[in-house]
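> Sharing final_21.tsv (TSV, C-alpha atoms and all ligand atoms) below.
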chain	number	residue	atom	x	y	z
A	5	MET	CA	125.09	126.36	133.34
A	6	PRO	CA	123.98	123.41	131.19
A	7	ALA	CA	120.25	122.87	131.13
A	8	ALA	CA	119.03	119.96	133.25
A	9	PRO	CA	118.07	116.96	131.09
A	10	SER	CA	114.37	116.78	130.36
A	11	ALA	CA	112.27	113.92	131.67
A	12	PHE	CA	112.29	112.46	128.16
A	13	GLU	CA	116.07	112.63	127.91
A	14	VAL	CA	116.38	110.78	131.21
A	15	VAL	CA	114.07	108.01	130.03
A	16	LEU	CA	115.84	107.65	126.69
A	17	ALA	CA	119.32	107.69	128.25
A	18	ASP	CA	118.19	104.97	130.61
A	19	LEU	CA	116.98	102.80	127.71
A	20	ASP	CA	120.31	103.37	125.94
A	21	GLU	CA	122.22	102.33	129.03
A	22	GLN	CA	120.27	99.08	129.34
A	23	GLY	CA	120.65	98.34	125.64
A	24	LEU	CA	116.86	98.44	125.29
A	25	ARG	CA	116.36	101.42	122.99
A	26	ARG	CA	114.28	100.32	120.02
A	27	ARG	CA	115.18	101.54	116.57
A	28	ARG	CA	113.06	101.68	113.44
A	29	ARG	CA	114.45	100.53	110.15
A	30	SER	CA	113.19	101.50	106.78
A	31	VAL	CA	112.37	98.57	104.52
A	32	ARG	CA	111.90	98.34	100.78
A	33	ARG	CA	110.72	95.10	99.22
A	34	LEU	CA	112.76	93.99	96.26
A	35	SER	CA	110.45	91.29	94.94
A	36	HIS	CA	106.86	90.07	95.15
A	37	ASP	CA	107.59	86.41	95.63
A	38	THR	CA	110.82	86.18	97.58
A	39	ALA	CA	111.86	87.54	100.97
A	40	GLU	CA	114.51	89.87	99.53
A	41	ILE	CA	114.42	93.35	101.01
A	42	GLU	CA	116.55	96.42	101.39
A	43	LEU	CA	116.95	97.40	105.03
A	44	ASP	CA	118.14	100.98	105.41
A	45	GLY	CA	119.65	100.49	101.96
A	46	THR	CA	121.31	97.12	102.72
A	47	ARG	CA	120.20	94.14	100.64
A	48	CYS	CA	119.23	91.13	102.73
A	49	ILE	CA	116.80	88.26	103.25
A	50	ASP	CA	113.95	89.07	105.61
A	51	PHE	CA	113.44	86.50	108.39
A	52	CYS	CA	111.29	88.77	110.58
A	53	SER	CA	107.98	89.24	108.82
A	54	ASN	CA	104.80	87.32	109.68
A	55	ASP	CA	103.94	86.71	106.03
A	56	TYR	CA	103.89	82.94	106.64
A	57	LEU	CA	102.18	81.99	103.38
A	58	GLY	CA	103.88	84.65	101.25
A	59	LEU	CA	100.51	86.21	100.37
A	60	SER	CA	101.20	89.89	101.12
A	61	ALA	CA	102.13	90.65	97.51
A	62	HIS	CA	100.37	87.79	95.73
A	63	PRO	CA	99.10	89.05	92.34
A	64	ARG	CA	95.49	87.99	93.03
A	65	VAL	CA	95.54	89.74	96.39
A	66	THR	CA	96.97	92.99	95.02
A	67	GLU	CA	94.61	92.89	92.04
A	68	ALA	CA	91.60	92.51	94.33
A	69	PHE	CA	92.85	95.46	96.36
A	70	ILE	CA	93.30	97.70	93.32
A	71	GLU	CA	89.99	96.68	91.76
A	72	ALA	CA	88.06	97.38	94.98
A	73	ALA	CA	89.83	100.71	95.50
A	74	ARG	CA	88.79	101.75	91.97
A	75	LEU	CA	85.17	100.91	92.76
A	76	HIS	CA	84.90	102.01	96.38
A	77	GLY	CA	87.76	104.44	96.96
A	78	VAL	CA	90.21	104.28	99.81
A	79	GLY	CA	88.61	105.39	103.06
A	80	ALA	CA	85.52	103.73	104.56
A	81	ARG	CA	84.44	107.26	105.64
A	82	ALA	CA	82.81	106.30	108.94
A	83	SER	CA	82.59	103.65	111.61
A	84	HIS	CA	80.87	100.30	110.98
A	85	LEU	CA	77.76	101.43	112.86
A	86	ILE	CA	77.33	104.61	110.82
A	87	THR	CA	78.09	104.32	107.08
A	88	GLY	CA	81.44	102.52	107.05
A	89	HIS	CA	80.11	98.96	106.86
A	90	GLN	CA	79.79	97.70	103.30
A	91	GLY	CA	79.08	94.57	101.27
A	92	GLU	CA	82.72	93.47	101.10
A	93	HIS	CA	82.86	93.49	104.92
A	94	ASP	CA	79.75	91.28	105.09
A	95	ALA	CA	81.17	88.89	102.52
A	96	LEU	CA	84.53	88.66	104.32
A	97	GLU	CA	82.82	88.07	107.68
A	98	GLU	CA	80.72	85.27	106.18
A	99	GLU	CA	83.71	83.63	104.52
A	100	LEU	CA	85.78	83.81	107.70
A	101	ALA	CA	82.88	82.33	109.69
A	102	ALA	CA	82.73	79.41	107.24
A	103	PHE	CA	86.53	79.02	107.30
A	104	THR	CA	86.69	78.90	111.12
A	105	GLY	CA	83.46	76.90	111.53
A	106	ARG	CA	81.74	79.60	113.57
A	107	GLU	CA	78.26	81.09	113.50
A	108	ARG	CA	79.44	84.67	113.07
A	109	VAL	CA	82.52	86.83	112.69
A	110	LEU	CA	83.09	90.49	113.49
A	111	LEU	CA	85.86	92.42	111.77
A	112	PHE	CA	88.10	94.78	113.74
A	113	SER	CA	90.66	97.21	112.40
A	114	THR	CA	93.59	95.44	114.11
A	115	GLY	CA	94.25	92.47	116.35
A	116	TYR	CA	95.23	94.83	119.13
A	117	MET	CA	91.79	96.44	118.91
A	118	ALA	CA	89.99	93.10	118.66
A	119	ASN	CA	91.52	92.02	121.97
A	120	LEU	CA	90.81	95.34	123.69
A	121	GLY	CA	87.27	95.09	122.34
A	122	LEU	CA	86.80	91.65	123.92
A	123	GLY	CA	88.00	93.10	127.21
A	124	THR	CA	85.66	96.09	127.16
A	125	ALA	CA	82.66	94.07	126.00
A	126	LEU	CA	82.93	90.98	128.16
A	127	VAL	CA	84.46	92.07	131.46
A	128	ARG	CA	83.04	94.38	134.07
A	129	LYS	CA	85.24	96.45	136.36
A	130	GLY	CA	86.84	94.13	138.92
A	131	GLY	CA	85.78	91.02	136.94
A	132	ALA	CA	88.09	88.00	136.95
A	133	VAL	CA	90.47	87.57	134.00
A	134	PHE	CA	93.13	84.86	133.76
A	135	GLY	CA	95.91	84.75	131.20
A	136	ASP	CA	99.15	83.00	130.33
A	137	ARG	CA	102.19	84.92	131.56
A	138	LEU	CA	103.60	85.02	128.02
A	139	ASN	CA	100.41	86.30	126.38
A	140	HIS	CA	100.70	88.96	123.70
A	141	ALA	CA	100.69	92.55	125.01
A	142	SER	CA	97.25	93.18	123.51
A	143	LEU	CA	95.70	90.38	125.60
A	144	ILE	CA	97.35	91.77	128.72
A	145	ASP	CA	96.01	95.22	127.87
A	146	ALA	CA	92.54	93.74	127.25
A	147	GLY	CA	92.35	92.96	130.96
A	148	ARG	CA	93.87	96.28	131.95
A	149	ILE	CA	91.52	98.42	129.90
A	150	ALA	CA	88.53	96.60	131.38
A	151	ARG	CA	89.98	97.36	134.86
A	152	ALA	CA	89.64	93.66	135.55
A	153	ALA	CA	91.23	91.72	138.37
A	154	ILE	CA	93.90	90.04	136.24
A	155	GLU	CA	95.92	87.00	137.29
A	156	HIS	CA	98.59	85.39	135.15
A	157	TYR	CA	99.42	81.70	135.37
A	158	PRO	CA	102.89	80.35	134.55
A	159	HIS	CA	103.44	79.77	130.84
A	160	GLY	CA	101.46	76.80	129.53
A	161	ASP	CA	100.47	75.72	133.05
A	162	ALA	CA	96.86	74.50	132.74
A	163	ALA	CA	97.01	72.85	136.19
A	164	THR	CA	97.67	76.20	137.91
A	165	LEU	CA	94.92	77.81	135.83
A	166	GLU	CA	92.57	75.05	136.98
A	167	ARG	CA	93.38	75.80	140.66
A	168	GLN	CA	92.90	79.53	140.09
A	169	LEU	CA	89.52	78.93	138.44
A	170	ALA	CA	88.42	76.53	141.18
A	171	ALA	CA	88.91	79.32	143.75
A	172	GLN	CA	86.65	81.61	141.73
A	173	THR	CA	82.92	81.93	141.15
A	174	PRO	CA	81.97	80.94	137.56
A	175	GLY	CA	82.05	83.58	134.84
A	176	ALA	CA	85.78	84.35	134.61
A	177	LEU	CA	87.37	85.18	131.27
A	178	VAL	CA	90.44	83.17	130.24
A	179	LEU	CA	92.71	84.61	127.56
A	180	THR	CA	95.57	82.85	125.81
A	181	ASP	CA	97.58	82.97	122.62
A	182	GLY	CA	97.10	79.81	120.50
A	183	VAL	CA	100.70	79.98	119.19
A	184	PHE	CA	102.91	82.15	121.41
A	185	SER	CA	104.23	84.97	119.31
A	186	MET	CA	107.79	85.11	120.65
A	187	ASP	CA	108.27	81.39	121.38
A	188	GLY	CA	106.34	79.63	118.63
A	189	ASP	CA	105.03	76.96	121.00
A	190	LEU	CA	101.35	76.04	121.35
A	191	ALA	CA	99.15	76.65	124.38
A	192	PRO	CA	97.90	73.37	125.92
A	193	LEU	CA	94.43	74.20	124.66
A	194	PRO	CA	92.69	70.87	125.32
A	195	ALA	CA	93.61	71.06	129.02
A	196	ILE	CA	92.78	74.78	129.22
A	197	ALA	CA	89.42	74.27	127.51
A	198	SER	CA	88.41	71.46	129.83
A	199	ALA	CA	89.47	73.49	132.90
A	200	CYS	CA	87.28	76.33	131.62
A	201	ALA	CA	84.35	73.97	131.02
A	202	ARG	CA	84.64	72.47	134.53
A	203	HIS	CA	84.67	75.89	136.22
A	204	GLY	CA	82.24	77.85	134.06
A	205	ALA	CA	84.92	80.14	132.58
A	206	PHE	CA	84.71	81.71	129.13
A	207	LEU	CA	87.73	80.95	126.94
A	208	ALA	CA	89.05	83.26	124.23
A	209	VAL	CA	92.01	82.15	122.11
A	210	ASP	CA	94.09	84.62	120.09
A	211	ASP	CA	95.33	82.57	117.15
A	212	ALA	CA	97.24	85.32	115.35
A	213	HIS	CA	100.09	82.95	114.43
A	214	GLY	CA	98.20	79.68	114.02
A	215	LEU	CA	95.50	80.83	111.62
A	216	GLY	CA	96.26	79.91	108.01
A	217	VAL	CA	99.27	77.85	109.12
A	218	LEU	CA	98.16	75.02	111.42
A	219	GLY	CA	95.42	72.40	111.12
A	220	GLU	CA	94.29	70.18	108.27
A	221	THR	CA	92.69	73.07	106.35
A	222	GLY	CA	94.69	75.94	107.85
A	223	ALA	CA	91.92	76.89	110.26
A	224	GLY	CA	94.55	77.15	112.98
A	225	THR	CA	95.48	75.88	116.43
A	226	LEU	CA	91.91	74.85	117.34
A	227	GLU	CA	91.70	72.68	114.25
A	228	HIS	CA	95.15	71.28	115.06
A	229	PHE	CA	93.83	70.12	118.44
A	230	GLY	CA	90.36	69.18	117.14
A	231	LEU	CA	88.63	71.67	119.47
A	232	THR	CA	85.09	72.78	118.72
A	233	ALA	CA	83.34	76.12	118.98
A	234	ARG	CA	81.63	74.84	122.13
A	235	GLU	CA	85.01	74.21	123.79
A	236	VAL	CA	86.55	77.52	122.66
A	237	PRO	CA	83.67	79.99	122.37
A	238	ALA	CA	85.75	82.99	121.21
A	239	LEU	CA	88.47	82.93	118.60
A	240	VAL	CA	90.53	85.99	117.66
A	241	GLY	CA	92.27	85.93	114.29
A	242	THR	CA	94.49	88.53	112.68
A	243	LEU	CA	94.62	89.22	108.97
A	244	GLY	CA	98.01	90.93	108.80
A	245	LYS	CA	99.99	87.72	109.29
A	246	ALA	CA	99.37	84.51	107.31
A	247	PHE	CA	96.76	86.29	105.17
A	248	GLY	CA	99.25	89.01	104.29
A	249	SER	CA	96.62	91.74	104.56
A	250	PHE	CA	95.49	93.90	107.48
A	251	GLY	CA	92.85	93.81	110.17
A	252	ALA	CA	91.47	91.19	112.51
A	253	PHE	CA	88.31	89.45	113.64
A	254	VAL	CA	86.55	87.76	116.50
A	255	ALA	CA	84.65	84.57	115.66
A	256	GLY	CA	81.98	83.05	117.86
A	257	ASP	CA	78.27	82.53	118.17
A	258	ALA	CA	75.70	85.14	117.12
A	259	ASP	CA	75.17	86.37	120.68
A	260	LEU	CA	78.88	86.94	121.27
A	261	VAL	CA	79.19	88.92	118.04
A	262	GLU	CA	76.06	90.94	118.79
A	263	THR	CA	77.42	91.73	122.27
A	264	LEU	CA	80.69	92.94	120.73
A	265	ILE	CA	78.80	95.15	118.29
A	266	GLN	CA	76.94	96.73	121.22
A	267	ARG	CA	79.78	97.00	123.69
A	268	ALA	CA	83.26	96.73	122.18
A	269	ARG	CA	84.50	100.31	122.28
A	270	THR	CA	87.29	99.61	119.80
A	271	TYR	CA	84.63	98.47	117.33
A	272	ILE	CA	82.14	101.27	117.89
A	273	TYR	CA	84.39	104.31	118.08
A	274	THR	CA	86.69	103.90	115.10
A	275	THR	CA	86.63	104.13	111.32
A	276	ALA	CA	85.79	100.90	109.49
A	277	LEU	CA	88.46	98.86	107.75
A	278	PRO	CA	88.93	100.13	104.16
A	279	VAL	CA	86.74	98.18	101.74
A	280	ALA	CA	89.72	97.40	99.50
A	281	VAL	CA	91.46	95.78	102.47
A	282	ALA	CA	88.42	93.58	102.99
A	283	ALA	CA	88.40	92.66	99.29
A	284	ALA	CA	92.14	91.88	99.32
A	285	THR	CA	91.66	89.71	102.41
A	286	ARG	CA	88.87	87.76	100.69
A	287	ALA	CA	91.28	87.05	97.83
A	288	ALA	CA	94.02	86.03	100.29
A	289	LEU	CA	91.67	83.64	102.06
A	290	ALA	CA	90.69	82.09	98.72
A	291	VAL	CA	94.34	81.75	97.65
A	292	SER	CA	95.32	80.22	101.00
A	293	ILE	CA	92.72	77.51	100.28
A	294	SER	CA	93.39	76.98	96.55
A	295	GLU	CA	97.19	77.10	96.98
A	296	SER	CA	97.37	74.88	100.04
A	297	TRP	CA	100.94	74.01	99.03
A	298	ARG	CA	101.93	77.30	100.70
A	299	ARG	CA	101.03	75.91	104.10
A	300	THR	CA	102.81	72.63	103.36
A	301	ARG	CA	105.81	74.59	102.13
A	302	VAL	CA	106.27	76.80	105.19
A	303	LEU	CA	105.91	73.79	107.48
A	304	SER	CA	108.41	71.74	105.51
A	305	LEU	CA	110.86	74.67	105.54
A	306	THR	CA	110.36	74.80	109.31
A	307	ARG	CA	111.27	71.11	109.63
A	308	ARG	CA	114.27	71.65	107.37
A	309	PHE	CA	115.46	74.61	109.44
A	310	ARG	CA	115.17	72.53	112.62
A	311	LYS	CA	116.98	69.54	111.14
A	312	LEU	CA	119.87	71.64	109.82
A	313	GLY	CA	119.91	73.73	113.01
A	314	ALA	CA	120.10	70.64	115.23
A	315	GLU	CA	122.96	69.27	113.12
A	316	ALA	CA	124.78	72.59	113.45
A	317	GLY	CA	124.24	72.61	117.23
A	318	LEU	CA	122.03	75.70	117.32
A	319	PRO	CA	120.14	76.29	120.59
A	320	LEU	CA	116.72	75.58	119.07
A	321	ALA	CA	113.54	76.07	121.08
A	322	ASP	CA	110.63	73.70	121.44
A	323	SER	CA	108.60	75.04	118.51
A	324	GLU	CA	107.18	73.23	115.50
A	325	THR	CA	105.72	76.42	113.99
A	326	PRO	CA	107.34	78.90	111.57
A	327	ILE	CA	108.31	81.00	114.62
A	328	GLN	CA	111.75	79.71	115.58
A	329	PRO	CA	113.42	81.54	118.47
A	330	ILE	CA	117.14	81.18	119.19
A	331	LEU	CA	117.51	82.00	122.88
A	332	LEU	CA	120.69	83.92	123.66
A	333	GLY	CA	120.07	85.37	127.14
A	334	THR	CA	121.25	88.95	127.36
A	335	ALA	CA	119.90	91.80	125.25
A	336	ASP	CA	123.47	92.54	124.22
A	337	ALA	CA	124.10	89.00	122.92
A	338	ALA	CA	120.91	89.10	120.87
A	339	VAL	CA	121.63	92.55	119.42
A	340	THR	CA	125.20	91.59	118.51
A	341	ALA	CA	124.15	88.34	116.83
A	342	SER	CA	121.45	90.18	114.88
A	343	ALA	CA	123.98	92.77	113.65
A	344	ARG	CA	126.46	90.09	112.59
A	345	LEU	CA	123.75	88.18	110.71
A	346	LEU	CA	122.78	91.34	108.88
A	347	GLU	CA	126.41	91.84	107.80
A	348	ARG	CA	126.03	88.43	106.14
A	349	GLY	CA	122.77	89.31	104.41
A	350	HIS	CA	120.17	87.89	106.82
A	351	TYR	CA	117.81	90.07	108.78
A	352	VAL	CA	116.65	88.47	112.03
A	353	ALA	CA	115.49	90.92	114.68
A	354	ALA	CA	116.74	90.76	118.26
A	355	ILE	CA	113.81	90.52	120.70
A	356	ARG	CA	114.53	92.02	124.11
A	357	PRO	CA	112.68	92.97	127.29
A	358	PRO	CA	110.01	94.12	127.83
A	359	THR	CA	108.71	92.13	124.84
A	360	VAL	CA	110.21	88.99	126.44
A	361	PRO	CA	111.20	88.37	130.10
A	362	ALA	CA	114.66	89.58	131.21
A	363	GLY	CA	117.38	87.02	130.51
A	364	SER	CA	115.47	85.49	127.59
A	365	SER	CA	116.53	87.85	124.82
A	366	ARG	CA	116.59	86.06	121.53
A	367	LEU	CA	116.69	86.07	117.80
A	368	ARG	CA	113.19	85.45	116.49
A	369	ILE	CA	113.21	83.76	113.11
A	370	ALA	CA	109.94	83.75	111.17
A	371	LEU	CA	109.82	81.45	108.15
A	372	SER	CA	107.65	81.98	105.10
A	373	ALA	CA	106.56	80.07	102.02
A	374	ALA	CA	108.40	82.87	100.17
A	375	HIS	CA	111.78	81.65	101.47
A	376	ARG	CA	113.93	79.53	99.18
A	377	ASP	CA	115.75	76.42	100.41
A	378	ALA	CA	119.02	78.31	99.91
A	379	ASP	CA	117.82	81.17	102.16
A	380	VAL	CA	117.27	78.79	105.04
A	381	GLU	CA	120.48	76.86	104.43
A	382	SER	CA	122.65	79.98	104.45
A	383	LEU	CA	120.84	81.31	107.53
A	384	VAL	CA	121.76	78.15	109.47
A	385	THR	CA	125.36	78.25	108.26
A	386	CYS	CA	125.80	81.92	109.26
A	387	LEU	CA	124.07	81.42	112.60
A	388	ALA	CA	126.33	78.50	113.45
A	389	GLU	CA	129.45	80.49	112.53
A	390	ILE	CA	128.36	83.54	114.51
A	391	LEU	CA	127.31	81.62	117.62
A	392	ASN	CA	130.55	79.65	117.54
A	393	GLY	CA	132.46	82.94	117.43
A	394	LYS	CA	133.73	82.72	113.85
A	401	LIG	C1	100.28	90.49	116.03
A	401	LIG	C2	99.45	90.05	117.16
A	401	LIG	C3	98.34	90.79	117.56
A	401	LIG	C4	98.04	92.14	117.00
A	401	LIG	O1	97.49	92.06	115.75
A	401	LIG	P1	97.51	93.37	114.84
A	401	LIG	O2	96.50	93.12	113.80
A	401	LIG	O3	98.90	93.46	114.31
A	401	LIG	O4	97.19	94.52	115.73
A	401	LIG	C5	97.53	90.27	118.53
A	401	LIG	N1	97.81	89.09	119.12
A	401	LIG	C6	98.89	88.37	118.79
A	401	LIG	C7	99.16	87.07	119.48
A	401	LIG	C8	99.75	88.83	117.80
A	401	LIG	O5	100.84	88.15	117.49
Show me, as structure tokens, the structure contained in the file I just sent.

Amino acid sequence: MPAAPSAFEVVLADLDEQGLRRRRRSVRRLSHDTAEIELDGTRCIDFCSNDYLGLSAHPRVTEAFIEAARLHGVGARASHLITGHQGEHDALEEELAAFTGRERVLLFSTGYMANLGLGTALVRKGGAVFGDRLNHASLIDAGRIARAAIEHYPHGDAATLERQLAAQTPGALVLTDGVFSMDGDLAPLPAIASACARHGAFLAVDDAHGLGVLGETGAGTLEHFGLTAREVPALVGTLGKAFGSFGAFVAGDADLVETLIQRARTYIYTTALPVAVAAATRAALAVSISESWRRTRVLSLTRRFRKLGAEAGLPLADSETPIQPILLGTADAAVTASARLLERGHYVAAIRPPTVPAGSSRLRIALSAAHRDADVESLVTCLAEILNGK
């Protein structure tokens, strides 16, 4: 008699059947200043990474990393509140505070942990949390881990948020992405911030994809909209995207940061970020400022992609950021298009449920200052051929 399938086998077979089984690929970078990679041994151009400014292998960033590792070693050896917190962390926090125009910054090991930390520090059990329906998973989990009473408003719908807040006693927490990670569009932050101000809610914006890319100086979505620290009291930034490094931070006033130090469990109970990572991030921040052409470059490539894509009749989305989704509907359509693009030397991942809502599977293109004009041109040509069934 054949053995009954295990519970794991049932779950995995179900994912296979729905076309939702995720698969890891092994990547090897082929160059420091282009997007050429080998994917499971196949040479291609990477259009999936969040390295918007092309800083992840910048010589100054790698040098800073190596130099700091020589001096301080690899591991931080303890949490920030024991012996893990060092001078490089202080310096990075101060520089990020200056860059974002905030009183203080607190480093976290990842963006996921920064968001969970906000949840555990700021929300009591049963407390009111409101979030955009398309928020990043880590913001959704921030409410869950705090055992908050979470309500989601329709994507980008500040008017519904306003009604929800009006029915609530003051003191709610509102969480939103600045740039939505799978759609590339911006949250209507001015309207959200004024709704929060009118109803005594505390607003936290996760600007993982806006930081370093948007705004006059690259300070992100808040700078793009001209919003002040008073209007958006908590800002979450990640360091593994435009800054090409690793880690994350929350920026705000001194009381917010002190509260996080006391109460954010994902800050207190984990090993500090390696010192060399902090040093590399300081270098990346400095390069992002001194080589501001990188920001101009990725934004001009984005406009070029959209112009060529519109001419080729691609189903472009309403995004002016380097995140350019091509909505295809079914998971199967997205997976097939991704495979055909890879055959032609372009790697664009298919994004399927549960990362995006059912029926909105897509190709998610992420542009970078490391892309060449020719990379973008051939991507559009291949996409048009594949979507037109050639
Ligand atoms: C990537 C991302 C995170 C998580 O950041 P990590 O540092 O990778 O953990 C959080 N929020 C948003 C919106 C993101 O895109």
> Return as a PyMOL selection string the residues of protein, DNA or RNA that approach ligand LIG 401 (chain A) to within 6 Å, with only C-alpha atoms and all ligand atoms taken into account.
chain A and resi 114-116+140+142+181+185+210+212+242+244+251-252
> I want to know what sits within 9 Å of A:His213, based on all atoms listed in the file, with residues of the same chain fewer than 6 positions away left out; could you give that as a ChimeraX atom specification?
/A:54,56,181-185,188,224-225,241-242,245-246,325-327
> Have a look at atom CA of A:Ser304 and atom CA of A:Glu220 and let me know their distance in Å, one decimal.
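One can read the atom CA of A:Ser304 to atom CA of A:Glu220 distance as 14.5 Å.
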> Kindly extract all protein, DNA and RNA residues lying within 12 Å of the coordinates (113.7, 78.5, 100.4) given in the file, considering all atoms listed in the file, and supply them as a PyMOL selection string.
chain A and resi 37-40+49-51+58+298+301-306+308-309+371-383
> Given all atoms listed in the file as the basis, pick out the residue of A:Cys200, A:Ile355, A:Ala341, A:Leu19 nearest to A:Pro329.
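Checking each candidate against A:Pro329, we get A:Ile355 as the closest.
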> Interatomic distance between atom CA of A:Ser30 and atom CA of A:Val352?
14.5 Å
> Return the padded bounding box of stretch 166-181 of chain A as lines of an AutoDock Vina configuration file: axis-aligned, built from all atoms listed in the file, 6 Å added on each side, with centre and edge lengths in Å to one decimal.

center_x = 89.8
center_y = 80.1
center_z = 133.2
size_x = 27.6
size_y = 22.1
size_z = 33.1
> Nearest to A:Lys129 among A:Ala153, A:Ile196, A:Ala353, A:Leu143, with distances taken over only C-alpha atoms: which residue is it?
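Closest to A:Lys129 of all the choices is A:Ala153.
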> Taking into account all atoms listed in the file, which residue in the set A:Arg344, A:His89, A:Arg25, A:Arg151 is nearest to A:Val133?
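The answer is A:Arg151, which sits nearest to A:Val133.
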> Give me, please, the distance in Å between atom CA of A:Asn392 and atom CA of A:Asp20, quoted to one decimal.
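Atom-to-atom, atom CA of A:Asn392 and atom CA of A:Asp20 are spaced 27.2 Å apart.
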> Could you pull out every residue with an atom within 6 Å of (109.6, 89.3, 114.4), file coordinates, counting all atoms listed in the file, and send them as a short mmCIF file (atom, residue, chain, number, x, y, z; two decimals) with C-alpha atoms, in the coordinates of the input?

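Output (point_9.cif):
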data_model
loop_
_atom_site.label_atom_id
_atom_site.label_comp_id
_atom_site.auth_asym_id
_atom_site.auth_seq_id
_atom_site.Cartn_x
_atom_site.Cartn_y
_atom_site.Cartn_z
CA CYS A 52 111.29 88.77 110.58
CA SER A 53 107.98 89.24 108.82
CA ARG A 368 113.19 85.45 116.49
#
> Find the residue from A:Leu126, A:Val360, A:Ala205, A:Ala343 that sits nearest to A:Glu166; use all atoms listed in the file when measuring.
A:Ala205
> Using only C-alpha atoms, can you tell me which of A:Arg356, A:Arg299, A:Arg307, A:His350 comes closest to A:Thr385?
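Closest to A:Thr385 of all the choices is A:His350.
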> Pick the closest to A:Leu122 from A:Leu226, A:Ile154, A:Leu277, A:Val254: which is it, counting all atoms listed in the file?
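Smallest separation from A:Leu122 among the options: A:Val254.
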> May I have the residues within 7 Å of A:Val109 as a list of chain:residue names, using only C-alpha atoms and disregarding those fewer than 4 positions away in the same chain?
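Counting only the stated atoms, we get A:Glu97, A:Glu98, A:Leu100, A:Ala101, A:Phe253, A:Val254, A:Ala255, A:Gly256, A:Val261.
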> Please dump the current selection as a tab-separated table (two decimals), in the coordinates of the input; keep C-alpha atoms.

chain	number	residue	atom	x	y	z
A	97	GLU	CA	82.82	88.07	107.68
A	98	GLU	CA	80.72	85.27	106.18
A	100	LEU	CA	85.78	83.81	107.70
A	101	ALA	CA	82.88	82.33	109.69
A	253	PHE	CA	88.31	89.45	113.64
A	254	VAL	CA	86.55	87.76	116.50
A	255	ALA	CA	84.65	84.57	115.66
A	256	GLY	CA	81.98	83.05	117.86
A	261	VAL	CA	79.19	88.92	118.04
> Can you tell me which residues surround A:Ala201 at a distance of at most 12 Å, considering all atoms listed in the file, apart from same-chain residues fewer than 4 positions away, and format the answer as a list in words?
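Non-adjacent residues within range: Glu166, Leu169, Ala170, Pro174, Gly175, Ala176, Leu177, Val178, Leu193, Pro194, Ala195, Ile196, Ala197, Ala205, Phe206, Leu207, Arg234, Glu235, Val236 and Pro237 of chain A.
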> Residues near A:His228, anyone? I mean within 10 Å using only C-alpha atoms, not counting same-chain ones fewer than 4 positions away, as a PyMOL selection string.
chain A and resi 214+217-224
> Store the residues of this selection in a file with C-alpha atoms, as a tab-separated table (two decimals), keeping the file's coordinate frame.

chain	number	residue	atom	x	y	z
A	214	GLY	CA	98.20	79.68	114.02
A	217	VAL	CA	99.27	77.85	109.12
A	218	LEU	CA	98.16	75.02	111.42
A	219	GLY	CA	95.42	72.40	111.12
A	220	GLU	CA	94.29	70.18	108.27
A	221	THR	CA	92.69	73.07	106.35
A	222	GLY	CA	94.69	75.94	107.85
A	223	ALA	CA	91.92	76.89	110.26
A	224	GLY	CA	94.55	77.15	112.98
